Each structure stands twice: as C-alpha cells, then as structure tokens.
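**Student:** My structure is in structure.cif, and what it holds is mmCIF, C-alpha atoms:
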```
data_coords
loop_
_atom_site.label_atom_id
_atom_site.label_comp_id
_atom_site.auth_asym_id
_atom_site.auth_seq_id
_atom_site.Cartn_x
_atom_site.Cartn_y
_atom_site.Cartn_z
CA MET A 77 147.73 84.84 114.12
CA PRO A 78 146.54 87.75 111.94
CA THR A 79 145.13 90.71 113.82
CA SER A 80 141.95 90.93 111.76
CA TYR A 81 141.08 87.30 112.54
CA MET A 82 141.63 87.87 116.26
CA ALA A 83 139.45 90.97 116.21
CA ALA A 84 136.68 89.25 114.33
CA SER A 85 136.79 85.95 116.22
CA PHE A 86 137.91 86.77 119.76
CA GLY A 87 137.25 90.49 120.24
CA ASN A 88 139.49 92.45 122.62
CA PRO A 89 142.29 90.24 124.07
CA ALA A 90 142.13 92.26 127.30
CA ASP A 91 138.77 90.64 128.03
CA TYR A 92 140.31 87.20 128.40
CA TYR A 93 142.33 85.57 131.24
CA TYR A 94 145.96 84.58 130.69
CA PRO A 95 148.20 82.73 133.22
CA PRO A 96 150.86 85.02 134.81
CA SER A 97 153.67 83.02 133.28
CA PHE A 98 152.15 83.53 129.86
CA VAL A 99 151.66 87.24 130.37
CA ASN A 100 155.18 87.77 131.75
CA HIS A 101 156.64 85.81 128.85
CA ALA A 102 158.42 83.35 131.22
CA PHE A 103 158.88 79.73 130.40
CA PRO A 104 157.27 77.28 132.82
CA PRO A 105 159.66 75.84 135.46
CA PRO A 106 161.15 72.40 134.78
CA PRO A 107 159.70 69.44 136.65
CA PRO A 108 161.44 68.55 139.92
CA SER A 109 164.32 66.10 139.54
CA HIS A 110 165.55 63.26 141.71
CA PRO A 111 167.55 64.29 144.88
CA HIS A 112 170.68 62.49 143.64
CA HIS A 113 170.50 64.47 140.44
CA GLN A 114 170.09 67.68 142.42
CA HIS A 115 173.30 66.94 144.41
CA TYR A 116 175.19 66.18 141.20
CA HIS A 117 174.06 69.44 139.62
CA GLN A 118 175.01 71.40 142.71
CA LEU A 119 178.55 69.98 142.52
CA GLN A 120 178.73 70.86 138.86
CA HIS A 121 177.51 74.32 139.68
CA HIS A 122 180.37 74.93 142.12
CA GLN A 123 182.94 73.52 139.75
CA HIS A 124 182.01 75.55 136.66
CA HIS A 125 181.71 79.24 135.93
CA HIS A 126 178.30 80.85 135.82
CA HIS A 127 176.81 81.13 132.36
CA PRO A 128 174.93 84.31 131.34
CA PRO A 129 171.14 83.93 131.43
CA PRO A 130 169.37 83.46 128.14
CA PRO A 131 168.04 86.60 126.46
CA PRO A 132 164.50 87.51 127.43
CA PRO A 133 161.76 86.83 124.95
CA ALA A 134 160.24 89.52 122.80
CA THR A 135 158.59 92.12 124.97
CA THR A 136 155.75 92.97 122.53
CA PHE A 137 152.86 90.52 122.33
CA TYR A 138 149.78 92.56 121.52
CA PRO A 139 149.62 94.62 118.32
CA SER A 140 150.40 98.26 118.81
CA ARG A 141 147.65 99.57 116.48
CA PRO A 142 144.04 99.74 117.81
CA MET A 143 141.47 97.07 117.00
CA PRO A 144 138.99 97.92 114.21
CA PRO A 145 135.40 98.54 115.38
CA PRO A 146 132.99 95.59 115.07
CA PRO A 147 130.71 95.58 112.01
CA PRO A 148 127.16 96.95 112.48
CA PRO A 149 124.34 94.41 112.91
CA PRO A 150 122.76 93.16 109.67
CA HIS A 151 119.35 94.73 110.41
CA ALA A 152 120.84 98.23 110.33
CA PHE A 153 120.79 98.18 106.53
CA ILE A 154 117.76 98.07 104.19
CA THR A 155 118.43 95.12 101.93
CA THR A 156 115.05 94.28 100.33
CA ASP A 157 112.22 96.13 98.60
CA GLN A 158 109.83 95.09 101.37
CA GLU A 159 112.09 96.56 104.05
CA LEU A 160 112.22 99.81 102.09
CA CYS A 161 108.42 99.90 101.78
CA ASP A 162 108.02 99.21 105.49
CA TYR A 163 110.48 101.99 106.32
CA LEU A 164 108.67 104.50 104.10
CA TYR A 165 105.30 103.45 105.51
CA HIS A 166 106.24 103.77 109.18
CA MET A 167 108.46 106.86 108.90
CA GLY A 168 106.71 108.75 106.11
CA PHE A 169 103.05 107.83 106.66
CA VAL A 170 102.49 106.55 110.21
CA GLN A 171 104.90 109.02 111.86
CA GLY A 172 104.33 111.75 109.26
CA ALA A 173 108.00 112.53 108.69
CA CYS A 174 108.89 114.93 105.86
CA THR A 175 105.30 115.62 104.79
CA ASP A 176 104.73 118.60 102.52
CA THR A 177 101.16 118.12 101.23
CA VAL A 178 97.72 118.10 102.85
CA VAL A 179 95.03 116.08 101.02
CA THR A 180 91.43 117.03 101.84
CA VAL A 181 88.50 114.77 100.96
CA GLY A 182 85.27 116.01 102.48
CA HIS A 183 85.91 116.37 106.22
CA CYS A 184 88.96 114.10 106.08
CA GLN A 185 92.51 115.49 105.94
CA LYS A 186 95.67 113.46 105.46
CA GLU A 187 99.29 114.62 105.27
CA ALA A 188 101.76 112.98 102.90
CA HIS A 189 104.79 113.73 100.74
CA ALA A 190 104.25 114.97 97.21
CA LEU A 191 106.80 112.50 95.88
CA MET A 192 104.60 109.61 97.04
CA LEU A 193 101.30 111.20 96.00
CA GLY A 194 102.73 111.68 92.52
CA ARG A 195 102.19 107.95 91.89
CA SER A 196 98.60 108.97 91.07
CA PRO A 197 98.35 110.62 87.62
CA LYS A 198 95.44 112.75 88.83
CA LEU A 199 97.27 113.95 91.95
CA GLN A 200 100.47 114.50 89.96
CA GLN A 201 98.57 116.86 87.68
CA LEU A 202 97.18 118.78 90.67
CA LEU A 203 100.60 118.96 92.28
CA SER A 204 102.19 120.29 89.10
CA ALA A 205 99.65 123.11 89.04
CA GLN A 206 100.81 124.28 92.48
CA GLY A 207 104.41 124.85 91.46
CA LYS A 208 107.13 124.77 94.11
CA LYS A 209 105.15 125.71 97.19
CA LYS A 210 106.69 124.45 100.41
CA LYS A 211 103.30 123.35 101.75
CA LYS A 212 100.80 122.17 99.14
CA GLN A 213 97.04 121.85 99.56
CA LEU A 214 95.05 119.33 97.49
CA SER A 215 91.26 119.63 97.88
CA LEU A 216 89.46 116.74 96.15
CA GLY A 217 85.94 118.12 96.14
CA ASP A 218 84.82 115.90 93.25
CA ALA A 219 85.93 112.63 94.87
CA PRO A 220 83.33 109.83 95.08
CA LEU A 221 80.98 110.02 98.05
CA THR A 222 82.02 106.46 98.93
CA ALA A 223 85.54 107.74 99.80
CA THR A 224 85.22 107.56 103.58
CA GLU A 225 88.03 108.41 105.98
CA GLU A 226 89.04 104.74 106.12
CA VAL A 227 89.08 104.57 102.33
CA VAL A 228 91.24 107.71 102.01
CA HIS A 229 93.62 106.41 104.69
CA THR A 230 93.98 103.05 102.92
CA ALA A 231 94.54 104.66 99.51
CA ILE A 232 97.25 107.07 100.70
CA ALA A 233 98.94 104.27 102.66
CA HIS A 234 99.03 102.35 99.35
CA PHE A 235 101.35 105.04 97.95
CA TYR A 236 103.91 104.22 100.64
CA ARG A 237 103.44 100.46 100.95
CA PRO A 238 101.50 98.94 98.01
CA LEU A 239 98.56 96.70 98.81
CA HIS A 240 98.83 93.04 97.89
CA GLN A 241 96.20 90.47 96.96
CA GLN A 242 96.07 89.25 100.56
CA ASP A 243 95.24 92.78 101.72
CA ILE A 244 92.34 92.93 99.27
CA LEU A 245 91.01 89.58 100.47
CA TYR A 246 91.20 90.85 104.04
CA LEU A 247 88.89 93.74 103.07
CA PHE A 248 86.16 91.26 102.07
CA ALA A 249 85.16 91.47 105.73
CA ARG A 250 84.39 95.20 105.14
CA PRO A 251 82.58 95.33 101.79
CA ARG A 252 81.75 99.02 101.99
CA THR A 253 85.41 99.90 102.46
CA LEU A 254 86.53 97.64 99.60
CA LEU A 255 83.96 99.02 97.16
CA GLY A 256 84.78 102.56 98.26
CA LEU A 257 88.47 101.86 97.74
CA LEU A 258 87.69 100.69 94.19
CA ASP A 259 85.79 103.93 93.53
CA PHE A 260 88.56 106.11 94.96
CA ALA A 261 91.32 104.17 93.16
CA ALA A 262 89.51 104.65 89.85
CA TYR A 263 89.14 108.37 90.65
CA LEU A 264 92.90 108.61 91.32
CA GLU A 265 93.62 106.61 88.11
CA LEU A 266 95.41 103.85 90.02
CA HIS A 267 94.72 101.25 87.35
CA PRO A 268 96.86 98.38 88.78
CA LEU A 269 95.04 98.64 92.12
CA CYS A 270 91.68 98.70 90.33
CA ALA A 271 92.61 95.63 88.31
CA MET A 272 93.57 93.75 91.49
CA ILE A 273 90.21 94.59 93.12
CA TYR A 274 88.27 93.68 89.95
CA ASP A 275 90.03 90.31 89.83
CA ALA A 276 89.24 89.61 93.48
CA LEU A 277 85.56 90.52 93.01
CA ASN A 278 85.28 88.38 89.89
CA HIS A 279 86.37 85.37 91.92
CA GLU A 280 84.13 86.28 94.85
CA TRP A 281 80.86 87.16 93.10
CA THR A 282 78.69 84.18 92.23
CA LEU A 283 74.97 83.36 92.29
CA ASP A 284 75.36 82.37 95.96
CA THR A 285 77.44 85.34 97.15
CA ILE A 286 76.27 88.36 95.16
CA VAL A 287 73.19 88.88 97.37
CA PHE A 288 75.51 89.59 100.31
CA TRP A 289 77.10 92.50 98.41
CA LEU A 290 73.92 94.11 97.08
CA PRO A 291 73.13 96.30 100.13
CA TYR A 292 76.49 98.04 99.65
CA LEU A 293 75.70 99.03 96.07
CA GLU A 294 73.26 101.86 96.71
CA LEU A 295 73.40 104.23 93.77
CA GLY A 296 72.17 107.50 95.26
CA ALA A 297 74.35 110.23 93.80
CA SER A 298 77.13 107.74 92.95
CA ALA A 299 75.64 106.11 89.84
CA ASP A 300 78.85 106.48 87.85
CA THR A 301 81.26 104.95 90.36
CA ALA A 302 83.52 102.07 89.40
CA SER A 303 81.91 99.68 91.91
CA VAL A 304 78.38 100.28 90.57
CA ALA A 305 79.58 99.97 86.98
CA HIS A 306 81.30 96.67 87.76
CA ALA A 307 78.25 95.32 89.59
CA THR A 308 76.01 96.34 86.71
CA HIS A 309 78.23 94.50 84.25
CA PHE A 310 78.15 91.39 86.43
CA LEU A 311 74.36 91.46 86.87
CA THR A 312 73.49 92.17 83.23
CA ALA A 313 76.17 90.27 81.29
CA VAL A 314 78.19 87.83 83.41
CA LEU A 315 75.58 86.24 85.68
CA PRO A 316 72.85 85.82 83.00
CA ALA A 317 75.40 84.09 80.76
CA GLN A 318 76.51 81.78 83.59
CA LEU A 319 72.88 80.78 84.26
CA ASP A 320 71.83 80.73 80.60
CA ALA A 321 68.90 82.78 81.87
CA PHE A 322 67.51 84.00 78.56
CA GLY A 323 67.75 80.81 76.54
CA PRO A 324 64.81 79.15 74.77
CA ASP A 325 63.50 77.75 78.07
CA ASN A 326 63.22 81.16 79.80
CA ASN A 327 65.26 79.80 82.71
CA TYR A 328 65.55 83.13 84.50
CA ILE A 329 63.94 82.32 87.84
CA ASP A 330 67.31 82.20 89.68
CA LEU A 331 68.31 85.51 88.12
CA ALA A 332 64.93 86.98 89.05
CA HIS A 333 65.50 86.05 92.71
CA VAL A 334 68.80 87.92 92.66
CA TYR A 335 67.21 90.96 90.99
CA ALA A 336 64.44 90.94 93.61
CA HIS A 337 67.09 91.87 96.23
CA LEU A 338 68.43 94.86 94.28
CA PRO A 339 67.87 98.38 95.59
CA LEU A 340 65.28 100.04 93.35
CA PRO A 341 67.70 102.48 91.63
CA LEU A 342 70.07 99.61 90.76
CA LEU A 343 67.16 97.39 89.70
CA LYS A 344 65.88 100.03 87.29
CA ARG A 345 69.41 100.48 85.93
CA CYS A 346 69.83 96.75 85.28
CA ILE A 347 66.36 96.07 83.83
CA GLU A 348 66.75 98.91 81.34
CA HIS A 349 70.45 98.30 80.61
CA GLU A 350 71.42 97.57 77.02
CA LYS A 351 73.76 94.74 78.07
CA LEU A 352 70.99 92.67 79.65
CA THR A 353 70.98 89.71 77.27
CA ALA A 354 67.21 89.24 76.82
CA ARG A 355 66.23 87.96 73.36
CA ASP A 356 63.63 90.67 72.70
CA PRO A 357 61.60 93.36 74.54
CA MET A 358 58.79 90.95 75.37
CA GLN A 359 61.13 88.51 77.13
CA ARG A 360 62.66 91.43 79.02
CA LEU A 361 59.18 92.63 80.04
CA HIS A 362 58.18 89.19 81.31
CA PHE A 363 61.41 88.97 83.25
CA ALA A 364 60.83 92.42 84.81
CA LYS A 365 57.31 91.45 85.90
CA GLN A 366 58.65 88.22 87.43
CA VAL A 367 61.16 90.25 89.43
CA LEU A 368 58.49 92.69 90.67
CA ALA A 369 56.28 89.77 91.73
CA LEU A 370 59.09 88.52 93.98
CA ARG A 371 59.56 91.91 95.66
CA ASP A 372 57.42 93.64 98.21
CA ASP A 373 54.73 95.54 96.34
CA ASP A 374 55.79 99.18 96.40
CA GLY A 375 53.75 100.27 93.41
CA THR A 376 56.59 99.98 90.88
CA LYS A 377 55.40 99.03 87.40
CA ALA A 378 57.12 97.52 84.34
CA THR A 379 55.92 98.73 80.94
CA LEU A 380 56.93 98.99 77.31
CA ARG A 381 58.18 102.24 75.86
CA PHE A 382 57.94 103.13 72.20
CA ASP A 383 60.35 105.71 70.80
CA ASP A 384 60.55 106.29 67.02
CA GLY A 385 59.99 102.64 66.27
CA ASN A 386 62.31 101.40 69.05
CA VAL A 387 60.69 99.29 71.74
CA SER A 388 62.23 99.05 75.20
CA VAL A 389 61.24 98.19 78.76
CA MET A 390 61.21 100.69 81.61
CA LEU A 391 60.44 100.60 85.31
CA ILE A 392 58.23 103.33 86.71
CA PRO A 393 58.48 103.81 90.51
CA ALA A 394 55.24 104.41 92.37
CA GLN A 395 55.92 108.10 93.09
CA SER A 396 56.37 108.71 89.37
CA THR A 397 52.98 107.32 88.36
#
```
For this file, write the structure as structure tokens.

**Tutor:**
Amino acid sequence: MPTSYMAASFGNPADYYYPPSFVNHAFPPPPPSHPHHQHYHQLQHHQHHHHPPPPPPATTFYPSRPMPPPPPPPHAFITTDQELCDYLYHMGFVQGACTDTVVTVGHCQKEAHALMLGRSPKLQQLLSAQGKKKKKQLSLGDAPLTATEEVVHTAIAHFYRPLHQQDILYLFARPRTLLGLLDFAAYLELHPLCAMIYDALNHEWTLDTIVFWLPYLELGASADTASVAHATHFLTAVLPAQLDAFGPDNNYIDLAHVYAHLPLPLLKRCIEHEKLTARDPMQRLHFAKQVLALRDDDGTKATLRFDDGNVSVMLIPAQST
C-alpha cells in the first residue's frame, strides 16, 4: 500500500493495534492434527534428517522515512471575497490592527488605515496632501451636521466591509441614521453607496409612508444635504406626478395633507421650489393657502411676489411680518 495513502487515510500506524503474530512477522500455527497423524509424523521425524528452518520474513514493515504532516483545516485559508472582507473588518476595523490615520468629525474620532480610507475620493485627496506621515490626521470640519457618531462609524466600516442592500433596509428602523449616512456618503463622494440608498428610499417613500420620514428632514443649517435635496425632489416632482395633483381638477387635497406635516423651513422650500408642477402662480397660491389651512395657525402667510414681470408665490413666517 502506498505510504501517502496510509498517511492520508489511516494516520500513524503506531496508533493502531496489531496481533503479536502479525507484529513479529510469524505465520500462524497450523491447526491441530489427528493423534494418529501426530504419531506418524513423529516416526518420520526420527527416521529423517532435520531440515533447516525456512528463512525469516522481511524484517522491515513500516517505512523508514517519517510521515508527512496532515494538511491544515480548510478554514485556515481565505477562499472567498466575503471571507476577506470579514477578515479586514474584524482585524482592521473592530480590533484596530495596523491603523495609521485618525478621522475626526466633530467630537467623534475613528482610527483606520489610509489604504481603506482612500476608497473615498475626498479622503484620498486629503491623505495625499499629508505626504508620507506615519500617523495622519484628517479633520472633517465641513462634514454635514447629520454625521453623528453612529453615522461616521457605519461609513468607515463600509470601507472595510461594504454595505449591502439588506443592510440599508435594516437601517429603515433608524431613519435619522440612514438619512445621515446618505448625507455623509455624498460628502465623501461614495456614489455607489448613495445610489443604493436612493434606490431604497424610492421604493419606501409613498403617499402612505412619507409622513413617517418628515420629522427627520429638519433643514436647520443642513439645507444643502443630500437627504433634504432628495426629499425635496420627491415632494415637488415625484409625488405630485403620482397623484396628478395639479391637473385640470385641482386634485391636490392629498398632497396638501402631506405638505401640512412638513416642518416650516421644508414647507417654504417646497412651496417656492421651481420643480413644483403647478400650472401657474394662481394655482400654486391656492394650493399654498390650502396647506396653511390644514396646519396649526402660526401666523404664516402665503402671498404673490412680483419681480420684474415675474410672478411667484412665497411663504412669509409670522416673525417676518
């Protein structure tokens, strides 16, 4: 039997039991014979000369060279892209091995490796400006205010183990984090991640669900964020077209109910937005007054504005009057 097969199939032969006769290379004794036959053989034995014993069998049974070591277990090797991503995530991000860069966003600091951070065009440009420093410092003072610590953590983890569609759907349970991740991904110029979030929101936002998301779309100082821009496009172009709100029948009551839930800064932005598909300024004005009638009266007024022959509608908050 070949040695390699024995090593692979049976391991070390010393671990097994062998009968003494087999180990000592002796043939098994013959079965006992009849007594008459024994007497006959004894007579023959005395009448004939002794014959020399047969030569002993070969004295070497086991191979003289050592057995090869057993192969390592299959899981010791990284064989798939997912296993590689998991390894980088746990060793490089969770355990912080081989980090050389500190990213600061507000009061949040995260350590990572420059090679991974370079997946962001914006961060790659900042890293290039620092040359070959052993420990790099990236301070993102102009990052969106919606980039909370959880958002920054999720975005940097994405460099090590990319987020999938299922991960984005999981974040629907935390709307503020998802919208903040969209803002921060757009800031970092991670366009594939932005596209995945946009696609998920397009499937999620409808007439029945958009009201749930509105409280998380406060403009404040973040009027130019990707999440607010996407919500504005949905509220002024997509949803009115789905409802045929500004057709000949002025069927905008459902849209007005949605607008009545908007925070005032976002409401003003949408009412005055050029993409709102009202037929003319008068229809837009009537729509704005319908929306204000459905809201709590806070003194906000809707009026026409005339500017060099151009007529538009504007909302004037109470404190501005």

**Student:** To test your reading of the syntax: which residues would the PyMOL selection byres ((chain A and resi 228) around 12) return for the file shown? Reply as number ranges by chain.

**Tutor:** A: 179-188, 216, 219-227, 229-235, 253-254, 256-261, 263-264

**Student:** Given the choices A:Val287, A:Ala364, A:Leu203, A:Ala317, which gets closest to A:Leu191 if the distance is worked out from only C-alpha atoms?

**Tutor:**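 Answer, going by the shortest atom-to-atom distance: A:Leu203.
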
**Student:** Work out how far apart atom CA of A:Thr285 and atom CA of A:Lys351 are and give it in Å to one decimal.

**Tutor:**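 Distance reported for this atom pair: 21.6 Å.
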
**Student:** Using only C-alpha atoms, determine which residues lie at most 9 Å from A:Thr308, disregarding the query and same-chain residues fewer than 5 positions distant; provide the list as a ChimeraX atom specification.

**Tutor:** /A:303,313,342,345-346,349

**Student:** Measure the distance from atom CA of A:Asp373 to atom CA of A:Ala394 in Å and round it to one decimal.

**Tutor:** 9.7 Å

**Student:** Suppose a student applies the PyMOL selection byres ((chain A and resi 381) around 12) to this structure; what residues should they get, written as a PyMOL selection string?

**Tutor:** chain A and resi 348+357-358+361+378-380+382-392

**Student:** Env of A:Ile273: 9 Å cut, atoms = all atoms listed in the file, seq-sep filter 3 positions within chain, self excluded. Answer as an NGL selection string.

**Tutor:** :A and (241 or 244-245 or 254-255 or 257-258 or 268-270 or 276-278)
